[in-house]
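Q: Handing you a structure now.
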There are 2 protein chains.
Amino acid sequence: MAAGTSSRRERLRRATLEEIHTAARRLLVEQGSAAVTINAVARQVGMSGPALYHYYASHDELVGAVTADFFHELATAMEGARDARADAPVGERILAVCRALRAWASTHPAEFGWIFASPITPSNRRPDSVRHQAGQRFEHVLLDLTVELWRTRPFPVPDLADLPESLREQLTAYSAAIDGRLPPEAAHVFLSCWTRLYGLLCMEVLHQLDFAYSDLEPVFEECLRDLADTLDL
Amino acid sequence: MAAGTSSRRERLRRATLEEIHTAARRLLVEQGSAAVTINAVARQVGMSGPALYHYYASHDELVGAVTADFFHELATAMEGARDARADAPVGERILAVCRALRAWASTHPAEFGWIFASPITPSNRRPDSVRHQAGQRFEHVLLDLTVELWRTRPFPVPDLADLPESLREQLTAYSAAIDGRLPPEAAHVFLSCWTRLYGLLCMEVLHQLDFAYSDLEPVFEECLRDLADTLDL
DNA sequence: TAGGCTGGCTTAGGGGTAGTAAGTAACCAT
DNA sequence: ATGGTTACTTACTACCCCTAAGCCAGCCTA
C-alpha cells in the first residue's frame, strides 16, 4: 500500500538483494569465479547457506542475476559515453561507445570475463531471464547507433545476391528479428563489425592472446580504425 | 630393460591412462564439462576415486592432460589437411588448414569449447605443462605456414613506423619470441589474421553469436576470403 | 627361493559444495 | 488476537576434491 510502491518488507528485501550482489561481486573480484558459491556468498552477507534460496531458486539463478547486473552496468557506461556527445555526429558516438566498452572491460576484467566464462545454462538462455534481457539491452546500444547511422548516412553494403544463400537466409531472419530496422545486407555489415570488436575483447579476456600481446589497447584502436573504414565514418 | 622400451607395467599404465582420457572425454561430450570430475571418471573406468591420484596429481592436471589431447588431435587434423596437399601452393594449404580447424571445431563442439572454457590454472600455464606444449604445437601449424608464405611470396605489410610505439614494442618482442622467423610488421599481419579467425570460432563456441546466426559456416568462409585478401593469396 | 620394494588399488575421513526438509520466529493484515 | 506470509535456522542427502593409511600382487635382488 501507501505511496512509495514499496512496503517495509519490500525495501528490506531489495536491500538484502543488493547486499547479496555486492558480496558475490566481491568474491568474484577477489577470489575468482569459482569462489562465488551459495555458501560463500551467504557467509559474506551473514546468513547461513540455505537462507539464500529465499532470494534465488538456484546457484544458476544467482549467477544469472549477477551477470545481468554486469550487463546493465556496462550498458550504462556505453550509453553514458553516447549521451555525453549527444550532438556529435553518429560516427563519433559509435567510436566513443566502442571505447567505453573496452574501457569498462579493461577496468573490470573479472566482471567482463565472468560474462563470457559463466556458462549460459538453459534457464539463463530463456528470453525472459534477467540475464537475457540485460544482454539485449547491452547489444542494442551499438545496434541502435548503427541503425541511426544507416538512416542518416548509409554505409556501403555488399550486394545481397553475392552472398551465399544460407547466409542470406540467416541475415533475413535477423533483419526481421530487429524489426527490419536494418535490411539484411546492412545487418551483415553490422554483424561483421560486432563480431570483430567483441571477438577481440572475448579473446583478450579469455587470455587467448597472451602469447603475443600484453596490452591490447593499440590492437583495439586499430580494429576501430578498420571498422570506421568499413562504416565509412 | 629389454627392447620395447616398455615393461609390462608401463604398458598397463599407458592403457589405463588412455582409458581415463576416453572416460573423461565421454563424460564431457555426454554430460558437459561439469561432469568431468575425478570421482565420475574413476567410476567410469571402474576404480574408486582416490586411485586416480596415482595417475594425476590433481583434478587440474587431469583437465590439462585431456585438454592437451584435444590440442594434439586438432593439430593432427590441421597437419593432415596441410600434408594432403603438400605440393599445393602455400596459400592453398593455409586455407585448407583453416577449414580443417573449423571442421574439427564443428564436429567436436564439446571438446573445442572445453579448450576455451576450462580455466587455465597457473599450473597449466607453466610452459612445461603438457597443456601448454600441446597448445604451442597447435598454434605453430598456422604460424609455420605463414612463415613459409612470407619467405616464398611475401604478403603486403604496413610500415612499422606507422604503428603506435606500444604496439611496435609488443610486435618486436613477439617477433623475437618466434626466433625472428617473421619480422614485427609481418607478425602483425599474422596476428591480425589469427585474431579474426580464432576470435570468430571462440565466439561461435561460446554461443555469443547465437542471437544472430545459427550456422556460421558461410560467415567463416567470408572471413577466410578476407584473410586471403590480406595475405594476397 | 625368500625377502623387500614398488606400484595399483582400497576404505576412511576432513572439509567443501548444491540443494531439500522441517521447524521457529518475526512481521503484517485482517 | 489470529492466521498467513516471510526470513531464517539447523539437520540432512548426496556429491565434490583430496589426504592418509593400509592391503596385496608382481617384480628385483640376494
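Letters A, B, ... go to the chains of the C-alpha cells in the order shown; residues in each chain start at 1; ligands are counted from 1 in the same order.
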Which residues come within 9 Å of DC27 in chain C, counting only C-alpha atoms (C1' of nucleotides), excluding same-chain residues fewer than 6 positions away, as a PyMOL selection string?
A: (chain A and resi 9) or (chain D and resi 5-6)
Q: Any chance you could export the current selection's N, CA and C atoms (P, O5', C5', C4', C3', O3' and C1' of nucleotides) as a short mmCIF file (atom, residue, chain, number, x, y, z; two decimals), in the first residue's frame?
A:
data_model
loop_
_atom_site.label_atom_id
_atom_site.label_comp_id
_atom_site.auth_asym_id
_atom_site.auth_seq_id
_atom_site.Cartn_x
_atom_site.Cartn_y
_atom_site.Cartn_z
N ARG A 9 8.82 -4.38 4.04
CA ARG A 9 9.39 -5.68 3.66
C ARG A 9 10.08 -5.62 2.30
P DT D 5 -0.64 -17.32 2.74
"O5'" DT D 5 0.68 -16.44 2.65
"C5'" DT D 5 0.56 -15.02 2.73
"C4'" DT D 5 1.87 -14.42 3.19
"C3'" DT D 5 3.10 -14.98 2.48
"O3'" DT D 5 3.75 -13.90 1.85
"C1'" DT D 5 3.44 -14.84 4.82
P DT D 6 5.00 -14.12 0.91
"O5'" DT D 6 6.22 -13.83 1.90
"C5'" DT D 6 6.23 -12.62 2.64
"C4'" DT D 6 7.42 -12.59 3.56
"C3'" DT D 6 8.71 -13.10 2.93
"O3'" DT D 6 9.70 -12.13 3.17
"C1'" DT D 6 8.32 -14.17 5.01
#
Q: Compute the chain A side of the contact with chain C at 12 Å, counting only C-alpha atoms (C1' of nucleotides), and hand it back as a ChimeraX atom specification.
A: /A:1,7-9,34-40,49-53,56-60
Q: At a cut-off of 9 Å, can you tabulate as JSON lines every residue of chain D near chain A together with its closest atom pair and the distance in Å to one decimal, using only C-alpha atoms (C1' of nucleotides) and ordering rows by chain then number?
A:
{"residue": "D:DT6", "atom": "C1'", "partner": "A:Arg9", "partner_atom": "CA", "distance": 8.7}
{"residue": "D:DA7", "atom": "C1'", "partner": "A:Ala51", "partner_atom": "CA", "distance": 7.7}
{"residue": "D:DC8", "atom": "C1'", "partner": "A:Ala51", "partner_atom": "CA", "distance": 6.1}
{"residue": "D:DT9", "atom": "C1'", "partner": "A:Ser48", "partner_atom": "CA", "distance": 7.9}
Q: Save the residues we just selected, N, CA, C and O atoms (P, O5', C5', C4', C3', O3' and C1' of nucleotides), as a JSON list (two decimals), in the first residue's frame?
A:
[["chain", "number", "residue", "atom", "x", "y", "z"],
["D", 6, "DT", "P", 5.00, -14.12, 0.91],
["D", 6, "DT", "O5'", 6.22, -13.83, 1.90],
["D", 6, "DT", "C5'", 6.23, -12.62, 2.64],
["D", 6, "DT", "C4'", 7.42, -12.59, 3.56],
["D", 6, "DT", "C3'", 8.71, -13.10, 2.93],
["D", 6, "DT", "O3'", 9.70, -12.13, 3.17],
["D", 6, "DT", "C1'", 8.32, -14.17, 5.01],
["D", 7, "DA", "P", 11.17, -12.29, 2.66],
["D", 7, "DA", "O5'", 11.90, -12.79, 3.98],
["D", 7, "DA", "C5'", 12.17, -11.85, 5.01],
["D", 7, "DA", "C4'", 12.96, -12.55, 6.10],
["D", 7, "DA", "C3'", 14.27, -13.15, 5.59],
["D", 7, "DA", "O3'", 15.32, -12.71, 6.45],
["D", 7, "DA", "C1'", 13.01, -14.78, 6.76],
["D", 8, "DC", "P", 16.80, -12.92, 5.95],
["D", 8, "DC", "O5'", 17.18, -14.28, 6.70],
["D", 8, "DC", "C5'", 17.27, -14.26, 8.10],
["D", 8, "DC", "C4'", 16.96, -15.62, 8.68],
["D", 8, "DC", "C3'", 17.98, -16.72, 8.44],
["D", 8, "DC", "O3'", 19.09, -16.56, 9.31],
["D", 8, "DC", "C1'", 15.72, -17.52, 8.63],
["D", 9, "DT", "P", 20.32, -17.53, 9.17],
["D", 9, "DT", "O5'", 19.91, -18.79, 10.06],
["D", 9, "DT", "C5'", 19.56, -18.59, 11.43],
["D", 9, "DT", "C4'", 19.02, -19.89, 11.99],
["D", 9, "DT", "C3'", 19.91, -21.09, 11.76],
["D", 9, "DT", "O3'", 20.77, -21.26, 12.88],
["D", 9, "DT", "C1'", 17.62, -21.60, 11.21]]
Q: I need the chain A residues near chain B as a list in words; criterion: at most 6 Å, counting only C-alpha atoms.
A: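 Only these qualify: Leu167, Tyr174, Gly199, Ala212 and Pro218 of chain A.
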Q: Write out the residues from the selection above, keeping N, CA and C atoms, as a compact mmCIF listing (two decimals), in the first residue's frame.
A:
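selection_5.txt, freshly written:
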# COMPACT_ATOMS: atom_id res chain seq x y z
N LEU A 167 23.66 -17.83 -45.81
CA LEU A 167 23.92 -16.60 -45.08
C LEU A 167 22.78 -15.62 -45.29
N TYR A 174 17.52 -12.42 -39.14
CA TYR A 174 17.99 -11.47 -38.13
C TYR A 174 17.40 -10.09 -38.39
N GLY A 199 34.74 -10.09 -30.60
CA GLY A 199 35.63 -11.23 -30.64
C GLY A 199 37.00 -10.90 -30.11
N ALA A 212 51.05 -13.39 -27.37
CA ALA A 212 51.62 -12.39 -28.27
C ALA A 212 51.54 -10.96 -27.71
N PRO A 218 46.35 -0.76 -28.28
CA PRO A 218 46.60 -0.34 -29.67
C PRO A 218 45.99 -1.29 -30.69
Q: So which residues of chain A fall under alpha helix (DSSP H) by DSSP, listed as an MDAnalysis selection string?
A: chainID A and resid 8:31 38:45 59:83 90:107 109:117 122:125 130:152 165:177 184:205 217:230
Q: Between CA of Thr22 in chain A and CA of Ala81 in chain A, measure the distance and give it in Å to one decimal.
A: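 Distance reported for this atom pair: 24.7 Å.
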Q: Skip Asp69 in chain A itself and residues of its chain fewer than 4 positions away, then list as a PDB file with C-alpha atoms, in the first residue's frame all residues within 12 Å of it, counting only C-alpha atoms (C1' of nucleotides).
A:
ATOM      1  CA  LEU A  17      19.367  -8.474  -2.673  1.00  0.00           C
ATOM      2  CA  GLU A  18      21.803  -5.652  -3.207  1.00  0.00           C
ATOM      3  CA  ILE A  20      23.969 -10.350  -1.944  1.00  0.00           C
ATOM      4  CA  HIS A  21      25.030  -8.981  -5.293  1.00  0.00           C
ATOM      5  CA  THR A  22      27.755  -6.900  -3.698  1.00  0.00           C
ATOM      6  CA  ALA A  24      29.021 -12.094  -4.898  1.00  0.00           C
ATOM      7  CA  ARG A  25      30.871  -9.474  -6.860  1.00  0.00           C
ATOM      8  CA  LEU A  62      22.160 -16.124  -8.707  1.00  0.00           C
ATOM      9  CA  VAL A  63      24.843 -16.286 -11.375  1.00  0.00           C
ATOM     10  CA  GLY A  64      22.355 -15.052 -13.953  1.00  0.00           C
ATOM     11  CA  ALA A  65      21.259 -12.160 -11.781  1.00  0.00           C
ATOM     12  CA  GLU A  73      26.453  -1.530 -15.677  1.00  0.00           C
ATOM     13  CA  LEU A  74      28.306  -1.999 -18.935  1.00  0.00           C
ATOM     14  CA  ALA A  75      25.343  -0.782 -20.972  1.00  0.00           C
ATOM     15  CA  THR A  76      25.022   2.241 -18.716  1.00  0.00           C
ATOM     16  CA  GLU A 111      33.303  -8.945 -14.316  1.00  0.00           C
ATOM     17  CA  PHE A 112      33.772  -8.889 -18.077  1.00  0.00           C
ATOM     18  CA  TRP A 114      32.522 -13.628 -15.983  1.00  0.00           C
ATOM     19  CA  ILE A 115      30.104 -12.570 -18.703  1.00  0.00           C
ATOM     20  CA  VAL A 130      17.067 -11.247 -16.379  1.00  0.00           C
ATOM     21  CA  ARG A 131      20.366 -12.275 -17.874  1.00  0.00           C
ATOM     22  CA  HIS A 132      18.968 -12.411 -21.398  1.00  0.00           C
ATOM     23  CA  GLN A 133      17.116  -9.137 -21.020  1.00  0.00           C
ATOM     24  CA  ALA A 134      20.224  -7.353 -19.780  1.00  0.00           C
ATOM     25  CA  GLY A 135      22.276  -8.861 -22.587  1.00  0.00           C
ATOM     26  CA  ARG A 137      19.993  -4.028 -23.612  1.00  0.00           C
ATOM     27  CA  PHE A 138      23.765  -4.192 -23.953  1.00  0.00           C
TER      28      PHE A 138
END
